[in-house]
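Trainee: My file is coords_14.cif. It has mmCIF, C-alpha atoms and all ligand atoms:
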data_model
loop_
_atom_site.label_atom_id
_atom_site.label_comp_id
_atom_site.auth_asym_id
_atom_site.auth_seq_id
_atom_site.Cartn_x
_atom_site.Cartn_y
_atom_site.Cartn_z
CA MET A 445 6.70 -25.51 10.00
CA ILE A 446 10.47 -25.08 9.89
CA GLY A 447 11.70 -21.74 11.18
CA LEU A 448 8.50 -21.03 13.10
CA GLU A 449 7.70 -21.99 16.66
CA GLU A 450 5.08 -24.70 16.83
CA ASN A 451 1.49 -23.58 17.46
CA LYS A 452 2.45 -20.02 16.66
CA LYS A 453 0.67 -18.35 13.79
CA PRO A 454 3.06 -16.88 11.19
CA LYS A 455 3.21 -13.10 11.42
CA VAL A 456 2.42 -11.51 8.08
CA LEU A 457 3.07 -7.81 7.49
CA LEU A 458 1.56 -6.22 4.37
CA LEU A 459 3.07 -3.06 2.89
CA ALA A 460 0.13 -1.39 1.19
CA GLY A 461 -1.02 1.71 -0.65
CA GLY A 462 -4.67 2.38 -1.47
CA VAL A 463 -6.72 0.40 -3.97
CA GLY A 464 -4.25 -2.43 -4.79
CA GLY A 465 -3.18 -2.52 -1.15
CA ALA A 466 -6.73 -2.78 0.11
CA LYS A 467 -7.50 -5.72 -2.18
CA ALA A 468 -4.50 -7.61 -0.79
CA ALA A 469 -5.48 -6.61 2.76
CA GLU A 470 -9.01 -7.95 2.29
CA GLY A 471 -7.60 -11.25 1.03
CA LEU A 472 -5.31 -11.59 4.05
CA ALA A 473 -8.14 -10.60 6.38
CA GLN A 474 -10.01 -13.69 5.16
CA LEU A 475 -7.04 -15.79 6.34
CA GLN A 476 -6.79 -14.26 9.80
CA GLY A 477 -7.36 -17.63 11.43
CA ASP A 478 -4.12 -18.88 9.84
CA TYR A 479 -1.93 -15.80 10.15
CA ASP A 480 -1.28 -13.00 12.57
CA PHE A 481 -1.71 -10.15 10.16
CA SER A 482 -0.93 -6.42 10.25
CA ILE A 483 -0.60 -3.67 7.66
CA LEU A 484 1.95 -0.91 7.12
CA GLY A 485 0.21 1.84 5.11
CA ASN A 486 1.18 4.90 3.12
CA ILE A 487 0.67 8.43 4.44
CA ALA A 488 2.49 10.36 1.69
CA ASP A 489 -0.75 10.95 -0.30
CA ASP A 490 -2.18 12.90 2.65
CA GLN A 491 -3.26 16.48 2.12
CA ALA A 492 -5.42 19.17 3.78
CA PHE A 493 -8.73 20.08 2.09
CA HIS A 494 -11.12 22.70 3.51
CA GLY A 495 -8.92 22.82 6.61
CA LEU A 496 -9.31 19.07 7.17
CA TRP A 497 -6.55 16.44 7.06
CA VAL A 498 -7.36 13.74 4.52
CA SER A 499 -5.44 10.45 4.44
CA PRO A 500 -6.71 8.68 1.29
CA ASP A 501 -4.68 5.46 1.36
CA ILE A 502 -5.26 4.79 5.05
CA ASP A 503 -8.98 5.50 4.64
CA THR A 504 -9.20 3.17 1.64
CA LEU A 505 -7.64 0.38 3.73
CA THR A 506 -9.94 1.10 6.67
CA TYR A 507 -13.16 1.42 4.67
CA SER A 508 -12.33 -1.73 2.68
CA LEU A 509 -11.63 -3.86 5.76
CA ALA A 510 -14.74 -2.43 7.43
CA ASN A 511 -16.71 -3.41 4.31
CA LEU A 512 -17.92 0.18 4.03
CA ILE A 513 -16.05 0.96 0.80
CA ASP A 514 -17.76 2.03 -2.41
CA ARG A 515 -16.97 -1.17 -4.34
CA GLU A 516 -17.45 0.39 -7.78
CA GLN A 517 -14.97 3.20 -7.21
CA GLY A 518 -12.62 1.25 -4.94
CA TRP A 519 -12.43 4.26 -2.59
CA GLY A 520 -14.81 6.38 -0.52
CA LEU A 521 -17.82 5.16 1.42
CA SER A 522 -20.72 3.34 -0.20
CA GLY A 523 -24.07 5.10 -0.38
CA GLU A 524 -22.44 8.53 -0.17
CA SER A 525 -24.08 11.87 -0.88
CA HIS A 526 -22.16 15.05 -1.68
CA ARG A 527 -24.25 17.85 -0.21
CA VAL A 528 -21.40 19.35 1.81
CA LEU A 529 -19.18 19.51 -1.28
CA ALA A 530 -22.01 21.11 -3.31
CA GLN A 531 -22.46 23.73 -0.60
CA LEU A 532 -18.70 24.38 -0.47
CA GLU A 533 -18.78 24.89 -4.23
CA LYS A 534 -21.55 27.48 -3.83
CA LEU A 535 -19.31 29.26 -1.37
CA GLY A 536 -16.57 29.38 -3.97
CA ALA A 537 -14.29 26.65 -2.56
CA GLU A 538 -12.23 24.42 -4.86
CA THR A 539 -14.02 21.09 -4.89
CA TRP A 540 -12.05 18.88 -7.30
CA MET A 541 -11.19 16.49 -4.47
CA SER A 542 -14.36 14.43 -4.18
CA LEU A 543 -15.23 14.05 -0.48
CA GLY A 544 -18.56 12.54 0.50
CA ASP A 545 -20.75 13.72 3.37
CA LEU A 546 -20.04 10.69 5.58
CA ASP A 547 -16.38 10.70 4.58
CA PHE A 548 -16.17 14.28 5.90
CA ALA A 549 -16.85 12.89 9.39
CA THR A 550 -13.60 10.87 9.22
CA HIS A 551 -11.64 13.96 8.22
CA ILE A 552 -13.27 16.15 10.87
CA TYR A 553 -12.53 13.51 13.53
CA ARG A 554 -8.91 13.10 12.34
CA THR A 555 -8.28 16.85 12.22
CA GLN A 556 -9.76 17.45 15.67
CA ALA A 557 -7.60 14.66 17.12
CA ARG A 558 -4.47 16.03 15.38
CA ASN A 559 -5.22 19.45 16.84
CA GLU A 560 -5.36 17.83 20.28
CA GLY A 561 -1.84 16.46 19.69
CA ILE A 562 -2.80 12.80 19.18
CA SER A 563 -0.38 10.96 16.88
CA ALA A 564 -1.38 10.00 13.34
CA SER A 565 -0.85 6.32 14.25
CA ASP A 566 -3.18 6.46 17.24
CA ILE A 567 -5.81 8.30 15.20
CA ALA A 568 -5.64 5.75 12.37
CA GLN A 569 -5.93 2.92 14.88
CA THR A 570 -8.90 4.50 16.67
CA ILE A 571 -10.79 5.21 13.44
CA ALA A 572 -10.19 1.65 12.25
CA GLN A 573 -11.32 0.11 15.56
CA ARG A 574 -14.43 2.28 15.80
CA LEU A 575 -15.40 1.25 12.27
CA GLY A 576 -15.02 -2.40 13.28
CA VAL A 577 -11.56 -3.21 11.89
CA ASN A 578 -9.52 -5.39 14.25
CA ILE A 579 -6.40 -5.60 12.06
CA PRO A 580 -3.58 -3.22 13.05
CA ILE A 581 -3.06 -0.53 10.39
CA LEU A 582 0.38 0.86 11.22
CA LEU A 583 1.96 4.01 9.81
CA PRO A 584 5.61 4.30 8.76
CA THR A 585 5.90 7.67 10.52
CA ASN A 586 3.82 10.10 12.54
CA ASP A 587 5.47 12.99 10.73
CA VAL A 588 4.05 14.69 7.65
CA VAL A 589 5.62 13.47 4.40
CA GLN A 590 4.03 14.49 1.10
CA THR A 591 4.53 13.09 -2.38
CA GLN A 592 5.02 15.74 -5.04
CA VAL A 593 5.02 15.19 -8.76
CA GLU A 594 6.98 17.36 -11.18
CA THR A 595 5.13 17.81 -14.45
CA ASP A 596 5.16 20.28 -17.32
CA LYS A 597 2.77 22.29 -15.11
CA GLY A 598 5.42 22.45 -12.38
CA TRP A 599 5.45 20.65 -9.01
CA LEU A 600 2.01 19.34 -8.04
CA SER A 601 0.88 17.64 -4.85
CA PHE A 602 0.06 13.99 -5.46
CA GLN A 603 -3.69 14.63 -5.24
CA GLU A 604 -3.42 17.58 -7.67
CA TYR A 605 -1.71 15.29 -10.16
CA PHE A 606 -3.92 12.27 -9.50
CA VAL A 607 -7.38 13.80 -9.01
CA LYS A 608 -7.37 17.39 -10.30
CA GLU A 609 -5.23 16.69 -13.37
CA ALA A 610 -6.47 13.08 -13.78
CA CYS A 611 -2.85 11.84 -14.25
CA GLN A 612 -2.67 13.59 -17.64
CA PRO A 613 0.53 15.71 -17.33
CA LYS A 614 3.80 13.97 -18.14
CA VAL A 615 5.69 12.99 -15.00
CA ASN A 616 9.29 14.27 -14.95
CA ALA A 617 10.22 13.62 -11.33
CA ILE A 618 8.77 12.57 -7.99
CA ARG A 619 9.88 13.60 -4.52
CA PHE A 620 8.73 12.92 -0.99
CA GLN A 621 8.72 16.28 0.77
CA ASP A 622 10.29 16.20 4.27
CA ILE A 623 10.96 12.46 4.24
CA GLU A 624 14.59 12.91 5.33
CA GLN A 625 13.47 14.38 8.68
CA ALA A 626 10.77 11.77 9.30
CA THR A 627 11.12 9.41 12.27
CA PRO A 628 9.86 5.85 11.82
CA THR A 629 7.21 4.66 14.29
CA THR A 630 8.33 2.06 16.80
CA GLU A 631 5.23 0.02 15.88
CA ALA A 632 6.37 -0.21 12.25
CA LEU A 633 9.96 -1.16 13.17
CA ASP A 634 8.71 -3.71 15.66
CA ALA A 635 6.28 -5.30 13.18
CA ILE A 636 9.03 -5.53 10.55
CA ALA A 637 11.48 -7.12 13.01
CA LYS A 638 8.92 -9.70 14.21
CA ALA A 639 7.40 -10.59 10.82
CA ASP A 640 7.79 -14.07 9.35
CA VAL A 641 6.63 -12.88 5.92
CA ILE A 642 6.60 -9.32 4.58
CA VAL A 643 4.29 -8.95 1.58
CA PHE A 644 4.53 -5.96 -0.75
CA ALA A 645 0.97 -5.50 -2.07
CA PRO A 646 0.50 -4.92 -5.81
CA SER A 647 0.46 -1.20 -5.00
CA ASN A 648 2.07 1.55 -7.03
CA PRO A 649 5.79 0.90 -6.36
CA VAL A 650 6.76 4.55 -6.90
CA VAL A 651 4.17 6.52 -4.92
CA SER A 652 2.67 3.95 -2.53
CA ILE A 653 5.48 1.54 -1.57
CA SER A 654 8.54 3.82 -2.02
CA PRO A 655 7.40 6.45 0.54
CA ILE A 656 7.11 3.63 3.10
CA LEU A 657 10.53 2.19 2.18
CA ASN A 658 12.21 5.60 2.05
CA THR A 659 11.06 6.62 5.52
CA PRO A 660 14.39 6.66 7.38
CA GLY A 661 15.01 3.35 9.13
CA ILE A 662 12.29 1.35 7.36
CA ARG A 663 14.29 -0.03 4.43
CA ALA A 664 17.18 -0.97 6.74
CA ALA A 665 14.76 -2.69 9.12
CA ILE A 666 13.29 -4.70 6.23
CA MET A 667 16.79 -5.65 5.05
CA GLN A 668 17.72 -6.79 8.57
CA SER A 669 14.47 -8.63 9.25
CA ASP A 670 14.64 -12.42 9.05
CA ALA A 671 11.24 -12.38 7.34
CA ARG A 672 10.77 -13.88 3.91
CA LYS A 673 9.93 -10.94 1.62
CA VAL A 674 7.62 -11.20 -1.35
CA ALA A 675 6.04 -8.70 -3.77
CA ILE A 676 3.02 -9.06 -6.05
CA SER A 677 3.39 -7.23 -9.33
CA PRO A 678 0.84 -4.45 -9.96
CA PHE A 679 1.43 -4.93 -13.70
CA ILE A 680 -0.42 -7.53 -15.75
CA ALA A 681 0.71 -7.95 -19.37
CA GLY A 682 2.56 -4.64 -19.16
CA LYS A 683 -0.44 -2.64 -17.94
CA THR A 684 -1.60 -1.45 -14.54
CA VAL A 685 -5.00 -2.68 -13.43
CA LYS A 686 -5.77 0.90 -12.43
CA GLY A 687 -3.77 4.07 -11.87
CA PRO A 688 -0.63 5.74 -13.19
CA ALA A 689 2.21 3.45 -12.04
CA ASP A 690 3.22 2.87 -15.68
CA LYS A 691 3.77 6.62 -16.19
CA MET A 692 5.90 6.87 -13.07
CA MET A 693 8.46 4.08 -13.34
CA ALA A 694 10.87 6.16 -15.45
CA SER A 695 10.95 8.86 -12.77
CA ALA A 696 12.24 6.20 -10.36
CA GLY A 697 15.06 5.39 -12.83
CA VAL A 698 13.80 1.93 -13.74
CA ASP A 699 12.22 0.23 -16.74
CA GLU A 700 8.47 0.22 -17.25
CA GLY A 701 6.24 -2.60 -16.09
CA LEU A 702 7.19 -5.82 -14.34
CA LEU A 703 10.90 -5.50 -15.08
CA GLY A 704 10.93 -2.07 -13.40
CA VAL A 705 9.21 -3.53 -10.32
CA ALA A 706 11.86 -6.26 -10.20
CA GLN A 707 14.61 -3.63 -10.52
CA LEU A 708 13.12 -1.44 -7.78
CA TYR A 709 12.83 -4.29 -5.26
CA GLN A 710 16.04 -6.12 -6.22
CA GLY A 711 18.20 -6.95 -3.19
CA LEU A 712 15.33 -6.16 -0.83
CA ILE A 713 12.93 -9.03 -1.42
CA HIS A 714 13.25 -12.71 -2.26
CA ASP A 715 10.11 -13.65 -4.15
CA LEU A 716 8.02 -12.13 -6.92
CA VAL A 717 4.46 -13.17 -7.68
CA ILE A 718 3.55 -12.44 -11.28
CA ASP A 719 0.51 -12.98 -13.45
CA ASN A 720 0.04 -15.97 -15.78
CA GLN A 721 0.11 -13.51 -18.66
CA ASP A 722 3.70 -12.56 -17.73
CA ALA A 723 5.05 -16.11 -17.54
CA SER A 724 7.55 -15.33 -20.33
CA SER A 725 9.49 -13.15 -17.83
CA ILE A 726 10.28 -16.02 -15.45
CA SER A 727 13.83 -16.67 -16.63
CA THR A 728 14.73 -12.95 -16.61
CA LEU A 729 13.41 -12.60 -13.07
CA LYS A 730 15.16 -15.77 -11.91
CA GLY A 731 18.34 -14.39 -13.46
CA MET A 732 17.89 -11.34 -11.22
CA GLY A 733 17.89 -13.62 -8.18
CA TYR A 734 14.15 -13.91 -7.55
CA GLN A 735 12.10 -16.97 -6.77
CA VAL A 736 9.02 -16.56 -8.95
CA GLN A 737 5.45 -17.71 -8.54
CA VAL A 738 3.12 -17.46 -11.54
CA THR A 739 -0.61 -17.33 -10.95
CA ASN A 740 -3.75 -15.28 -11.59
CA THR A 741 -3.05 -11.95 -9.86
CA LEU A 742 -6.19 -10.10 -10.93
CA MET A 743 -8.40 -9.70 -7.85
CA ARG A 744 -11.99 -9.07 -8.84
CA THR A 745 -13.90 -10.88 -6.11
CA LEU A 746 -13.30 -11.52 -2.43
CA HIS A 747 -12.62 -15.14 -3.37
CA ASP A 748 -9.89 -14.02 -5.84
CA LYS A 749 -8.30 -11.92 -3.09
CA GLN A 750 -8.33 -14.76 -0.57
CA VAL A 751 -6.97 -17.32 -3.03
CA LEU A 752 -4.13 -15.07 -4.25
CA MET A 753 -3.05 -13.97 -0.80
CA GLY A 754 -3.12 -17.55 0.50
CA GLN A 755 -0.91 -18.59 -2.42
CA VAL A 756 1.48 -15.69 -1.84
CA VAL A 757 2.00 -16.39 1.85
CA ASN A 758 2.22 -20.18 1.42
CA PHE A 759 4.70 -19.75 -1.42
CA SER A 760 6.94 -17.55 0.70
CA LEU A 761 6.73 -19.83 3.72
CA SER A 762 7.55 -22.84 1.53
CA GLN A 763 10.59 -20.97 0.18
CA THR A 764 11.76 -20.46 3.77
CA LYS A 765 11.51 -24.19 4.26
CA PHE A 766 13.34 -24.74 0.98
CA ILE A 767 16.19 -22.45 1.92
CA GLU A 768 16.59 -23.89 5.40
CA ALA A 769 16.51 -27.45 4.06
CA ASP A 770 19.06 -26.45 1.44
CA CYS A 771 21.34 -24.88 4.05
CA MET A 772 21.09 -27.99 6.20
CA GLN A 773 22.10 -30.13 3.23
CA VAL A 774 25.08 -27.90 2.50
CA ALA A 775 26.08 -27.92 6.16
CA GLY A 776 25.68 -31.70 6.31
P1 LIG A 801 -3.64 3.86 -4.84
O1 LIG A 801 -2.77 4.42 -3.76
O2 LIG A 801 -5.11 4.01 -4.56
O3 LIG A 801 -3.23 4.24 -6.23
O4 LIG A 801 -3.47 2.29 -4.76
P2 LIG A 801 -2.24 1.32 -4.72
O5 LIG A 801 -0.95 2.02 -4.92
O6 LIG A 801 -2.38 0.45 -3.53
O7 LIG A 801 -2.59 0.41 -5.96
C1 LIG A 801 -2.46 0.83 -7.29
C2 LIG A 801 -1.92 -0.32 -8.07
O8 LIG A 801 -2.68 -1.49 -7.77
C3 LIG A 801 -1.99 -0.14 -9.56
O9 LIG A 801 -0.68 -0.05 -10.08
C4 LIG A 801 -2.72 -1.39 -10.07
O10 LIG A 801 -2.13 -1.96 -11.21
C5 LIG A 801 -2.64 -2.32 -8.89
N1 LIG A 801 -3.78 -3.22 -8.81
C6 LIG A 801 -5.06 -2.89 -8.54
N2 LIG A 801 -5.84 -3.99 -8.55
C7 LIG A 801 -5.03 -5.04 -8.81
C8 LIG A 801 -5.24 -6.46 -8.95
O11 LIG A 801 -6.34 -6.97 -8.83
N3 LIG A 801 -4.15 -7.22 -9.23
C9 LIG A 801 -2.89 -6.69 -9.39
N4 LIG A 801 -1.88 -7.51 -9.67
N5 LIG A 801 -2.66 -5.36 -9.27
C10 LIG A 801 -3.71 -4.55 -8.98
#
Once more with this new file: its structure as structure tokens, please.

Mentor:
Amino acid sequence: MIGLEENKKPKVLLLAGGVGGAKAAEGLAQLQGDYDFSILGNIADDQAFHGLWVSPDIDTLTYSLANLIDREQGWGLSGESHRVLAQLEKLGAETWMSLGDLDFATHIYRTQARNEGISASDIAQTIAQRLGVNIPILLPTNDVVQTQVETDKGWLSFQEYFVKEACQPKVNAIRFQDIEQATPTTEALDAIAKADVIVFAPSNPVVSISPILNTPGIRAAIMQSDARKVAISPFIAGKTVKGPADKMMASAGVDEGLLGVAQLYQGLIHDLVIDNQDASSISTLKGMGYQVQVTNTLMRTLHDKQVLMGQVVNFSLSQTKFIEADCMQVAG
């Protein structure tokens, strides 16, 4: 493989949020024999509930890769009960954030470790390993950064907007509280620098991928990395598969749908993977400087996830070959 040392597995780094990120992660996990794979997750959805620190996107990644996820919901643990939440409700606590009894153990463990001064990265890694996940789940920062959504009801935390308000209020603006002061983790910077391919999962570009990119140092590291960079669109025929990304693109100053994704990532990534249903956008995207792959991007089954992620990585690696061959021709 041109550009890669022989007998060395290509290093693939996945930038991922929750549900869409976890689907991509599960697909790549199936290909672990071919690639050396790690994940850079999103911590800006984190929030304290009942005195416990909850990290929804990281837990969704961990539970999915551990095959413990509630497959119908796409989040939380399977076979959950909610007795603790029911008891908290009796006591008068606000219980709109659905936390299962077994899930509470994760949050208790995380909070205890935080109180002992252990970094968020080390905690995430330990939880993942103890639940049987051997893929590194890296964090962009060990500092607290929190997404806030400005609506007609004022500024809401991301979980208030997403869960309590069920994404109903109109989104006027989005900010990532305290991101300017955040320090990137050395693990994240190192993984970006060493990656052969960086894949942006079909996660919400505004509230899952942007907080990773906007962590000081991360975007610059991605720009400087020699990796081939590719994104999978979270939009299919103008609609999200799940979640409010469509209602948020305007707050990021871009168009809705696929075009907005292309605008947000322009200059940062090389390749875009879009759904068959969006094939009519190819020439626009090529005009924006992207190499485009068109395929089925809806991941329903584990097989779908594996097939798509194999196509994505192979496409990007083949583009590397293409570019190097092209350069050699020019030079010759
Ligand atoms: P969240 O943090 O739990 O909201 O999850 P993410 O940000 O990782 O993912 C949400 C995005 O994933 C949504 O915009 C969906 O459109 C997208 N998504 C979910 N499943 C699929 C899928 O099978 N294919 C594609 N292309 N996008 C998906």

Trainee: Each residue of chain A lying at most 9 Å from ligand LIG 801 (chain A) should get a row with its shortest atom-to-atom pair and the distance in Å to one decimal, counting all atoms listed in the file; could you produce that, ordered by chain and increasing number, as JSON lines?

Mentor:
{"residue": "A:Ala460", "atom": "CA", "partner": "A:LIG801", "partner_atom": "O6", "distance": 5.7}
{"residue": "A:Gly461", "atom": "CA", "partner": "A:LIG801", "partner_atom": "O6", "distance": 3.4}
{"residue": "A:Gly462", "atom": "CA", "partner": "A:LIG801", "partner_atom": "O4", "distance": 3.5}
{"residue": "A:Val463", "atom": "CA", "partner": "A:LIG801", "partner_atom": "O4", "distance": 3.8}
{"residue": "A:Gly464", "atom": "CA", "partner": "A:LIG801", "partner_atom": "O7", "distance": 3.5}
{"residue": "A:Gly465", "atom": "CA", "partner": "A:LIG801", "partner_atom": "O6", "distance": 3.9}
{"residue": "A:Ala466", "atom": "CA", "partner": "A:LIG801", "partner_atom": "O6", "distance": 6.5}
{"residue": "A:Lys467", "atom": "CA", "partner": "A:LIG801", "partner_atom": "N2", "distance": 6.8}
{"residue": "A:Ala468", "atom": "CA", "partner": "A:LIG801", "partner_atom": "O11", "distance": 8.3}
{"residue": "A:Asn486", "atom": "CA", "partner": "A:LIG801", "partner_atom": "O1", "distance": 7.9}
{"residue": "A:Asp489", "atom": "CA", "partner": "A:LIG801", "partner_atom": "O1", "distance": 7.7}
{"residue": "A:Pro500", "atom": "CA", "partner": "A:LIG801", "partner_atom": "O2", "distance": 7.7}
{"residue": "A:Asp501", "atom": "CA", "partner": "A:LIG801", "partner_atom": "O1", "distance": 5.6}
{"residue": "A:Thr504", "atom": "CA", "partner": "A:LIG801", "partner_atom": "O2", "distance": 7.5}
{"residue": "A:Leu505", "atom": "CA", "partner": "A:LIG801", "partner_atom": "O6", "distance": 9.0}
{"residue": "A:Gly518", "atom": "CA", "partner": "A:LIG801", "partner_atom": "O2", "distance": 8.0}
{"residue": "A:Trp519", "atom": "CA", "partner": "A:LIG801", "partner_atom": "O2", "distance": 7.6}
{"residue": "A:Phe606", "atom": "CA", "partner": "A:LIG801", "partner_atom": "O3", "distance": 8.7}
{"residue": "A:Ala645", "atom": "CA", "partner": "A:LIG801", "partner_atom": "O6", "distance": 7.0}
{"residue": "A:Pro646", "atom": "CA", "partner": "A:LIG801", "partner_atom": "N5", "distance": 4.7}
{"residue": "A:Ser647", "atom": "CA", "partner": "A:LIG801", "partner_atom": "O5", "distance": 3.5}
{"residue": "A:Asn648", "atom": "CA", "partner": "A:LIG801", "partner_atom": "O5", "distance": 3.7}
{"residue": "A:Pro649", "atom": "CA", "partner": "A:LIG801", "partner_atom": "O5", "distance": 7.0}
{"residue": "A:Val650", "atom": "CA", "partner": "A:LIG801", "partner_atom": "O5", "distance": 8.4}
{"residue": "A:Val651", "atom": "CA", "partner": "A:LIG801", "partner_atom": "O5", "distance": 6.8}
{"residue": "A:Ser652", "atom": "CA", "partner": "A:LIG801", "partner_atom": "O5", "distance": 4.7}
{"residue": "A:Ile653", "atom": "CA", "partner": "A:LIG801", "partner_atom": "O5", "distance": 7.3}
{"residue": "A:Ile676", "atom": "CA", "partner": "A:LIG801", "partner_atom": "N4", "distance": 6.3}
{"residue": "A:Ser677", "atom": "CA", "partner": "A:LIG801", "partner_atom": "N4", "distance": 5.3}
{"residue": "A:Pro678", "atom": "CA", "partner": "A:LIG801", "partner_atom": "N5", "distance": 3.7}
{"residue": "A:Phe679", "atom": "CA", "partner": "A:LIG801", "partner_atom": "O10", "distance": 5.3}
{"residue": "A:Ile680", "atom": "CA", "partner": "A:LIG801", "partner_atom": "N4", "distance": 6.3}
{"residue": "A:Lys683", "atom": "CA", "partner": "A:LIG801", "partner_atom": "O10", "distance": 7.0}
{"residue": "A:Thr684", "atom": "CA", "partner": "A:LIG801", "partner_atom": "O10", "distance": 3.4}
{"residue": "A:Val685", "atom": "CA", "partner": "A:LIG801", "partner_atom": "O10", "distance": 3.7}
{"residue": "A:Lys686", "atom": "CA", "partner": "A:LIG801", "partner_atom": "C4", "distance": 4.5}
{"residue": "A:Gly687", "atom": "CA", "partner": "A:LIG801", "partner_atom": "C3", "distance": 5.1}
{"residue": "A:Pro688", "atom": "CA", "partner": "A:LIG801", "partner_atom": "O9", "distance": 6.6}
{"residue": "A:Ala689", "atom": "CA", "partner": "A:LIG801", "partner_atom": "O9", "distance": 4.9}
{"residue": "A:Asp690", "atom": "CA", "partner": "A:LIG801", "partner_atom": "O9", "distance": 7.4}
{"residue": "A:Val717", "atom": "CA", "partner": "A:LIG801", "partner_atom": "N4", "distance": 8.7}
{"residue": "A:Ile718", "atom": "CA", "partner": "A:LIG801", "partner_atom": "N4", "distance": 7.5}
{"residue": "A:Asp719", "atom": "CA", "partner": "A:LIG801", "partner_atom": "N4", "distance": 7.1}
{"residue": "A:Asn740", "atom": "CA", "partner": "A:LIG801", "partner_atom": "N4", "distance": 8.2}
{"residue": "A:Thr741", "atom": "CA", "partner": "A:LIG801", "partner_atom": "N4", "distance": 4.6}
{"residue": "A:Leu742", "atom": "CA", "partner": "A:LIG801", "partner_atom": "O11", "distance": 3.8}
{"residue": "A:Met743", "atom": "CA", "partner": "A:LIG801", "partner_atom": "O11", "distance": 3.6}
{"residue": "A:Arg744", "atom": "CA", "partner": "A:LIG801", "partner_atom": "O11", "distance": 6.0}
{"residue": "A:Thr745", "atom": "CA", "partner": "A:LIG801", "partner_atom": "O11", "distance": 8.9}
{"residue": "A:Asp748", "atom": "CA", "partner": "A:LIG801", "partner_atom": "O11", "distance": 8.4}
{"residue": "A:Lys749", "atom": "CA", "partner": "A:LIG801", "partner_atom": "O11", "distance": 7.8}

Trainee: Got time to write the residues from that selection, C-alpha atoms, as a compact mmCIF listing (two decimals), in the coordinates of the input?

Mentor:
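selection_39.txt, written as the output of this step:
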# COMPACT_ATOMS: atom_id res chain seq x y z
CA ALA A 460 0.13 -1.39 1.19
CA GLY A 461 -1.02 1.71 -0.65
CA GLY A 462 -4.67 2.38 -1.47
CA VAL A 463 -6.72 0.40 -3.97
CA GLY A 464 -4.25 -2.43 -4.79
CA GLY A 465 -3.18 -2.52 -1.15
CA ALA A 466 -6.73 -2.78 0.11
CA LYS A 467 -7.50 -5.72 -2.18
CA ALA A 468 -4.50 -7.61 -0.79
CA ASN A 486 1.18 4.90 3.12
CA ASP A 489 -0.75 10.95 -0.30
CA PRO A 500 -6.71 8.68 1.29
CA ASP A 501 -4.68 5.46 1.36
CA THR A 504 -9.20 3.17 1.64
CA LEU A 505 -7.64 0.38 3.73
CA GLY A 518 -12.62 1.25 -4.94
CA TRP A 519 -12.43 4.26 -2.59
CA PHE A 606 -3.92 12.27 -9.50
CA ALA A 645 0.97 -5.50 -2.07
CA PRO A 646 0.50 -4.92 -5.81
CA SER A 647 0.46 -1.20 -5.00
CA ASN A 648 2.07 1.55 -7.03
CA PRO A 649 5.79 0.90 -6.36
CA VAL A 650 6.76 4.55 -6.90
CA VAL A 651 4.17 6.52 -4.92
CA SER A 652 2.67 3.95 -2.53
CA ILE A 653 5.48 1.54 -1.57
CA ILE A 676 3.02 -9.06 -6.05
CA SER A 677 3.39 -7.23 -9.33
CA PRO A 678 0.84 -4.45 -9.96
CA PHE A 679 1.43 -4.93 -13.70
CA ILE A 680 -0.42 -7.53 -15.75
CA LYS A 683 -0.44 -2.64 -17.94
CA THR A 684 -1.60 -1.45 -14.54
CA VAL A 685 -5.00 -2.68 -13.43
CA LYS A 686 -5.77 0.90 -12.43
CA GLY A 687 -3.77 4.07 -11.87
CA PRO A 688 -0.63 5.74 -13.19
CA ALA A 689 2.21 3.45 -12.04
CA ASP A 690 3.22 2.87 -15.68
CA VAL A 717 4.46 -13.17 -7.68
CA ILE A 718 3.55 -12.44 -11.28
CA ASP A 719 0.51 -12.98 -13.45
CA ASN A 740 -3.75 -15.28 -11.59
CA THR A 741 -3.05 -11.95 -9.86
CA LEU A 742 -6.19 -10.10 -10.93
CA MET A 743 -8.40 -9.70 -7.85
CA ARG A 744 -11.99 -9.07 -8.84
CA THR A 745 -13.90 -10.88 -6.11
CA ASP A 748 -9.89 -14.02 -5.84
CA LYS A 749 -8.30 -11.92 -3.09

Trainee: Determine the nearest neighbour of Glu604 of chain A from the options A:Asp478, A:Asp490, A:Asp587, A:Asp715, counting only C-alpha atoms.

Mentor: A:Asp490

Trainee: Which residue is closest to Lys608 of chain A? Choose from A:Asn559, A:Asn586, A:Ser542, A:Gln592 and count only C-alpha atoms.

Mentor: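 Nearest candidate to Lys608 of chain A out of A:Asn559, A:Asn586, A:Ser542, A:Gln592: A:Ser542.
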
Trainee: Nearest residue to Val607 of chain A out of A:Ile636, A:Glu516, A:Leu543, A:Arg574, using only C-alpha atoms?

Mentor: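 Checking each of A:Ile636, A:Glu516, A:Leu543, A:Arg574 against Val607 of chain A, counting only C-alpha atoms, the winner is A:Leu543.
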
Trainee: Would you work out the distance separating atom CA of Ala530 of chain A from atom CA of Gln612 of chain A, expressed in Å to one decimal?

Mentor: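 Straight-line distance from atom CA of Ala530 of chain A to atom CA of Gln612 of chain A works out to 25.2 Å.
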
Trainee: List the spatial neighbours of segment 492-497 of chain A as an NGL selection string - criterion: any atom at most 12 Å away, all atoms listed in the file, same-chain residues fewer than 3 positions off excluded.

Mentor: :A and (487 or 489 or 500 or 502-503 or 528-529 or 532-533 or 535-543 or 547-559 or 564 or 567-568 or 588 or 590 or 601-604)

Trainee: At a cut-off of 12 Å, using all atoms listed in the file, what residues contact Asn578 of chain A? Leave out same-chain residues fewer than 3 positions from it and give the result as a PyMOL selection string.

Mentor: chain A and resi 473+476+480-483+506+509-510+568-575+581

Trainee: Choose the residue, out of A:Ala696, A:Met753, A:Ala632, A:Leu716, that has the smallest atom-to-atom separation from Pro580 of chain A; count only C-alpha atoms.

Mentor: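 Of the candidates, the smallest distance to Pro580 of chain A is held by A:Ala632.
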